[in-house]
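In what follows, a single structure is set out as structure tokens and then discussed.
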Amino acid sequence: MESQPSRQSGRYTFEEAISRESPTGLTKSNSDAAAAASSQSLSSILNNPHVAKSDWWWYSSSSSSLAPPEFAPLISKASSELTRSDFSTYFSSISDSYHRFEDIRNHSTKDLESSASDSQGHGGEALVACLREVPALYFKEDFALEDGATFRAACPFSSAAENLVLQERLTQYLDVVELHLVKEISLRSNSFFEAQRQLQDLNVEIVEGCSRIRELKETIRLLDVDLVDSARQVQHLNATRTNLLALHHKFNLILYVKQSLSALKLLVASGDCAGALDITDDLQNLVDGDELTGLHCFRHLRDNVAASIESINSILSAEFMRAAIQDAGNSDVVILSQVKARASIPTNGKDEDQVNLDEEETTNFRDCLLPIIIGLLRTAQLPSVLRIYRDTLTADMKNAIKNAVAELLPVLLARSESEFSPGERTVDADGGGASLASKLRSLSSESFVQLLSAIFKIVRAHVVRAAEVKKAIEWIMKNLDGHYAAESVATAIALGAAAAETSEDHDDQGGSLLPFSSQRAARVSSFQGKANDVTSPSNMSINFSTDVLRENTEAVVAACDAAHGRWAKLLGVRALLHPRLRLQEFLCIYNITQEFITATEKIGGRRGFSIRGTLNSQAKAFLDFQHDSRMAKIRAVLDQETWVEVDVPDEFQAIVISLCSSEALISENLDHVQNNVETNHGEVTAINDGSLVEDTAQGKPTPLAEAADKNKASLTHSNDNKMKEHGKSTSQTLSYKGVGYHMVNCGLILLKMLSEYIDMGNFLPLRSSEVVHRVVEILKFFNTRTCQLVLGAGAMQVSGLKSITSKHLALASQVISFIYAIIPDIRRILFLKVPETQKDLLLLEIDRVAQDFKVHRDEIHTKLVQIMRERLLVHVRGLPQIVEGWNRPEDADAQPSQFARSLTKEIGFLQRVLSRILHEVDVQEIFRQVVIIVHSQVSEAFSRLEISTPQAKDRLYRDVKHILGCIRSLPSDDLSRSSTPNWGQLDEFLEQRFGTNAG
């Protein structure tokens, strides 16, 4: 064997024990060996894992001994012949079992040695040793042999012999665990008996404690008899006296409650809400307290107090509604009567009717509302009353507008029908009584503005009254410092806050909705302690005041929203008519609506999104309709255009002057517009400054209409005085920045349309971006359609022109050049109202259009050059036939040939046409290219000719000189040779053929 167990505790291994025996010791007989073998333990033999059943050596039919098979060869040997090497096979077979035996014996020895230390408090170490001996696999909580992985880990063997070894090993593991468990239990048995001993000692102590308690009770009984009984009798007599006094107080309280109820009925009946609320506060404190508890006669007192409070609230609410709303409704009749009178009687001057309160009236109004507000604050009903007031005010506003329309519509409708001629009157489809919407649509724009003005005044009357109520409540709630009622208001706010808080508690608990509760007395007392300190209210007072102020503001906002809704409906009825109005007529409606919105928003404090949306949608519809009509008109004008020069009236020159003016002039015009608008807005928003909108009668325009007319005239007719002086004077060109442009009809109409777009952009600033888009669209269309009609020769089919001449092209170039020149000024004016966020994109679009116009103009100039090239090629193709006659004898005629005369004639005609219409710079650019073409084409054509006779050379010389003379006279920007104008290839050809002197 390679390794042997070491010596432990003075013992030798099995092999050493055998080696120590002498050979003579092995001379025992076979019978002695058999007897020794029979004394071995049967369980050790059966638990040998390395021996199969077929190898059991303890029984053999062929041998009378029980020796193992390894000893069979040794039986036949004599004892003197046996050596240590003869037992090597046996040693190798039992070495593993012997090693395990030695290990178990060593561990047993260690356990015996450690048992003494375990008894001294080291329990548990044996279990740790057990865990070291037994593999951790068997201690897992999820150990289950049916699991495949666990089974393979626990039973890795496959043969029967290996399995027997595994069984013996498992048995050893089980013995080890059981041994250590028993040892641990024995170690802990001492604690159990110690606990049992302590429990017995506790029982003894309990018995002793009970005996001492009995002794104490007896001592206390003796003390009660000797000392306490007399004092107890005194206490009983004192309690009887106290009860009698309480009964007397209760009777007085009953009398007080009865008298208070009688006084409460009288005060409620007389309308003295302040005195009634004082009594209800006292009664409510009694009800919420414990003083009336158990008195059957007052079981309905809470209900009586609640009914009285409800009556008081009804009285206060009615008085508040009368003061806040009913007084304002009386002014509607006065306003309507005045509007009717102005609709039938001519009047001059401004209407000075006002509904504003002066300082004395404001003070009286606040004094009137003060006791009402204090009473509603005490009962915490002011927020709910303000909600009712909001609904009532909204309904009253709607009814007032409805009544105004119903009463004024017949008068205004009759006036509108009298203004129309019989053929212009609208006829109802049903032939009978027209509906309200039909009547509103039948009104003229001026009559409709008058209707809006009347509604504006009525709305103003109601809104101003509501604003006064709002200011009065805010003054009472926040600005009473130093006022005689400041302490009363602070106390009322504290009481109302407590009532509101307890009411919310009842709402959360699902109880009865009473204005007061059982907790009110304690809260009111705490509030009243702070009532004198108005600057430091409690959180509940702050929340209650915030609720009141919020509802107060919401009432005015709701009234303004209702007025916005009705106004938007009136605009919506005529939504199909407004886009078809003229700009100044639409501006009258637009401006009065803007003023109405501004005034109501200033009073209400919030933006009216609904009416602003309606107004913006109608402005967009107006812009869309106007754009569509102008697109249709410019399309029709272009299709009918004959491209004939027309005279320019001074009206269009005035438009150009307004466009090319500096930004200061534009700003001046816009300031004039803004001043008109601000003047009207000042009449709207500054409530104390005067009336909002002034009406006139018998067809005279309102100030809004006049302002719109002035606005339009300020931009598009800024030169009206000059026009009046000259009448309908005209000029041949349209001057822009010192440059004159020859115009055709479509160009003037486009200029007029552009000025109208500028007006729409200035007076409808919210739609300025869309105006720029529309201008870009109409400019694109004009440029594209003009290109189709002139360059594309579409005018020959559409307008009936026989041909497209150079004059047509020149006029088209002038119109395109003029539009290209004014685009920067148009862009600058339009972009005054465009938001900064949209300018970049719009700049790209309008710059792209300007570039298209420039390209179009260059293409027209190229087309003129191309026409001259084509005519030259026509003449060059006929040159060979003309040269054939040059070889004849020279006649008396010394004129140039027909080729030279025709060519120079057409060049001169083109020069005359272009010089009269186009600018000098454009003419020079065009003829510079013409000169180059004539030089190259004529010199090339002459070079190809075969000139042999002197007569032909003379004729050629005359033609070249004649053509060069024409070229010298052409305007050109070619400065290559300052001494010789328009020098080129034909000059070189002349020098080559005829010498330098000939040139």
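Just so we're on the same page: first chain in the structure tokens is A, next is B, and so on; residues restart at 1 for each chain, and ligands are numbered from 1 in the order they show up.
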
task: For His742 of chain A, work out the shell of residues within 10 Å, counting only C-alpha atoms and skipping chain neighbours fewer than 4 positions away, then give it as a list in words.
output: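 The residues that qualify are Val644, Glu645, Val646, Asp647, Val648, Ser731, Gln732, Thr733, Leu734, Ser735, Gly747, Ala810, Leu811, Ala812, Ser813, Gln814, Val815, Phe818, Arg916, Ile917, Leu918 and His919 of chain A.
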
Please list as a PDB file with C-alpha atoms, in the first residue's frame every residue within 12 Å of Leu166 of chain A, counting only C-alpha atoms and excluding residues in the same chain fewer than 2 positions away.
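Result file part_15.pdb:
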```
ATOM      1  CA  ASN A  47     -21.495  -4.389   5.582  1.00  0.00           C
ATOM      2  CA  ASN A  48     -18.304  -4.877   3.554  1.00  0.00           C
ATOM      3  CA  PRO A  49     -18.999  -2.764   0.425  1.00  0.00           C
ATOM      4  CA  HIS A  50     -16.268  -4.388  -1.643  1.00  0.00           C
ATOM      5  CA  ALA A 154     -26.189  11.091  -3.927  1.00  0.00           C
ATOM      6  CA  CYS A 155     -25.981   7.738  -5.832  1.00  0.00           C
ATOM      7  CA  PRO A 156     -23.272   8.041  -8.473  1.00  0.00           C
ATOM      8  CA  PHE A 157     -22.653   4.249  -8.666  1.00  0.00           C
ATOM      9  CA  SER A 158     -24.172   1.804 -11.075  1.00  0.00           C
ATOM     10  CA  SER A 159     -22.921  -1.673 -10.038  1.00  0.00           C
ATOM     11  CA  ALA A 160     -24.264  -3.753  -7.162  1.00  0.00           C
ATOM     12  CA  ALA A 161     -20.949  -3.742  -5.338  1.00  0.00           C
ATOM     13  CA  GLU A 162     -20.733   0.032  -5.429  1.00  0.00           C
ATOM     14  CA  ASN A 163     -24.296   0.323  -4.166  1.00  0.00           C
ATOM     15  CA  LEU A 164     -23.523  -1.890  -1.195  1.00  0.00           C
ATOM     16  CA  GLU A 168     -22.896   1.167   4.423  1.00  0.00           C
ATOM     17  CA  ARG A 169     -21.749   4.787   4.094  1.00  0.00           C
ATOM     18  CA  LEU A 170     -25.299   6.122   4.488  1.00  0.00           C
ATOM     19  CA  THR A 171     -25.773   3.935   7.590  1.00  0.00           C
ATOM     20  CA  GLN A 172     -22.630   5.418   9.052  1.00  0.00           C
ATOM     21  CA  TYR A 173     -23.890   8.951   8.332  1.00  0.00           C
TER      22      TYR A 173
END
```

Among listed residues A:Gln929, A:Ser610, A:Gln450, A:Thr784, nearest Arg635 of chain A (using only C-alpha atoms) =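 Of A:Gln929, A:Ser610, A:Gln450, A:Thr784, the one nearest Arg635 of chain A is A:Thr784, counting only C-alpha atoms.
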
Contacts of segment 764-781 of chain A at 7 Å (only C-alpha atoms; same-chain gap of 5+ positions) as a list in words | Lys620, His627, Met631, Tyr757, Leu830, Lys833, Val834, Ile846 and Val849 of chain A

Written file, previous selection with N, CA, C and O atoms, as a PDB file, in the first residue's frame:
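Produced file again.pdb, reproduced below:
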```
ATOM      1  N   LYS A 620     -60.477  85.845 -40.972  1.00  0.00           N
ATOM      2  CA  LYS A 620     -59.849  84.903 -41.908  1.00  0.00           C
ATOM      3  C   LYS A 620     -60.759  84.651 -43.107  1.00  0.00           C
ATOM      4  O   LYS A 620     -60.301  84.598 -44.256  1.00  0.00           O
ATOM      5  N   HIS A 627     -59.259  87.497 -51.076  1.00  0.00           N
ATOM      6  CA  HIS A 627     -58.156  86.956 -51.884  1.00  0.00           C
ATOM      7  C   HIS A 627     -58.686  86.156 -53.072  1.00  0.00           C
ATOM      8  O   HIS A 627     -58.178  86.302 -54.198  1.00  0.00           O
ATOM      9  N   MET A 631     -57.968  86.976 -56.874  1.00  0.00           N
ATOM     10  CA  MET A 631     -57.330  85.995 -57.765  1.00  0.00           C
ATOM     11  C   MET A 631     -58.167  85.775 -59.021  1.00  0.00           C
ATOM     12  O   MET A 631     -57.625  85.698 -60.135  1.00  0.00           O
ATOM     13  N   TYR A 757     -54.075  94.719 -50.183  1.00  0.00           N
ATOM     14  CA  TYR A 757     -53.519  93.716 -49.273  1.00  0.00           C
ATOM     15  C   TYR A 757     -52.749  94.379 -48.137  1.00  0.00           C
ATOM     16  O   TYR A 757     -52.781  93.923 -46.990  1.00  0.00           O
ATOM     17  N   LEU A 830     -45.442  95.063 -45.075  1.00  0.00           N
ATOM     18  CA  LEU A 830     -46.221  93.925 -44.588  1.00  0.00           C
ATOM     19  C   LEU A 830     -45.617  93.329 -43.328  1.00  0.00           C
ATOM     20  O   LEU A 830     -46.350  92.854 -42.448  1.00  0.00           O
ATOM     21  N   LYS A 833     -46.225  94.097 -39.012  1.00  0.00           N
ATOM     22  CA  LYS A 833     -47.154  93.476 -38.066  1.00  0.00           C
ATOM     23  C   LYS A 833     -46.959  91.960 -37.936  1.00  0.00           C
ATOM     24  O   LYS A 833     -47.656  91.319 -37.175  1.00  0.00           O
ATOM     25  N   VAL A 834     -46.024  91.402 -38.698  1.00  0.00           N
ATOM     26  CA  VAL A 834     -45.810  89.950 -38.661  1.00  0.00           C
ATOM     27  C   VAL A 834     -45.027  89.588 -37.402  1.00  0.00           C
ATOM     28  O   VAL A 834     -44.043  90.248 -37.065  1.00  0.00           O
ATOM     29  N   ILE A 846     -41.115  85.234 -49.846  1.00  0.00           N
ATOM     30  CA  ILE A 846     -41.232  86.440 -50.663  1.00  0.00           C
ATOM     31  C   ILE A 846     -39.934  86.716 -51.420  1.00  0.00           C
ATOM     32  O   ILE A 846     -39.960  87.233 -52.552  1.00  0.00           O
ATOM     33  N   VAL A 849     -40.069  84.589 -54.487  1.00  0.00           N
ATOM     34  CA  VAL A 849     -40.920  85.181 -55.522  1.00  0.00           C
ATOM     35  C   VAL A 849     -40.184  86.300 -56.238  1.00  0.00           C
ATOM     36  O   VAL A 849     -40.253  86.433 -57.477  1.00  0.00           O
TER      37      VAL A 849
END
```

With only C-alpha atoms as the basis for distance, which of A:Arg606, A:Arg582, A:Arg848, A:Arg214 is at the shortest distance from Phe622 of chain A?
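Among the listed residues, the smallest separation from Phe622 of chain A belongs to A:Arg582.
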
### Message
Let me make sure I understand: among A:Leu809, A:Ile655, A:Ile823, A:Ile804, which one has the smallest atom-to-atom distance to Leu748 of chain A if we use only C-alpha atoms?
### Response
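So, comparing all the options, the nearest one is A:Ile655.
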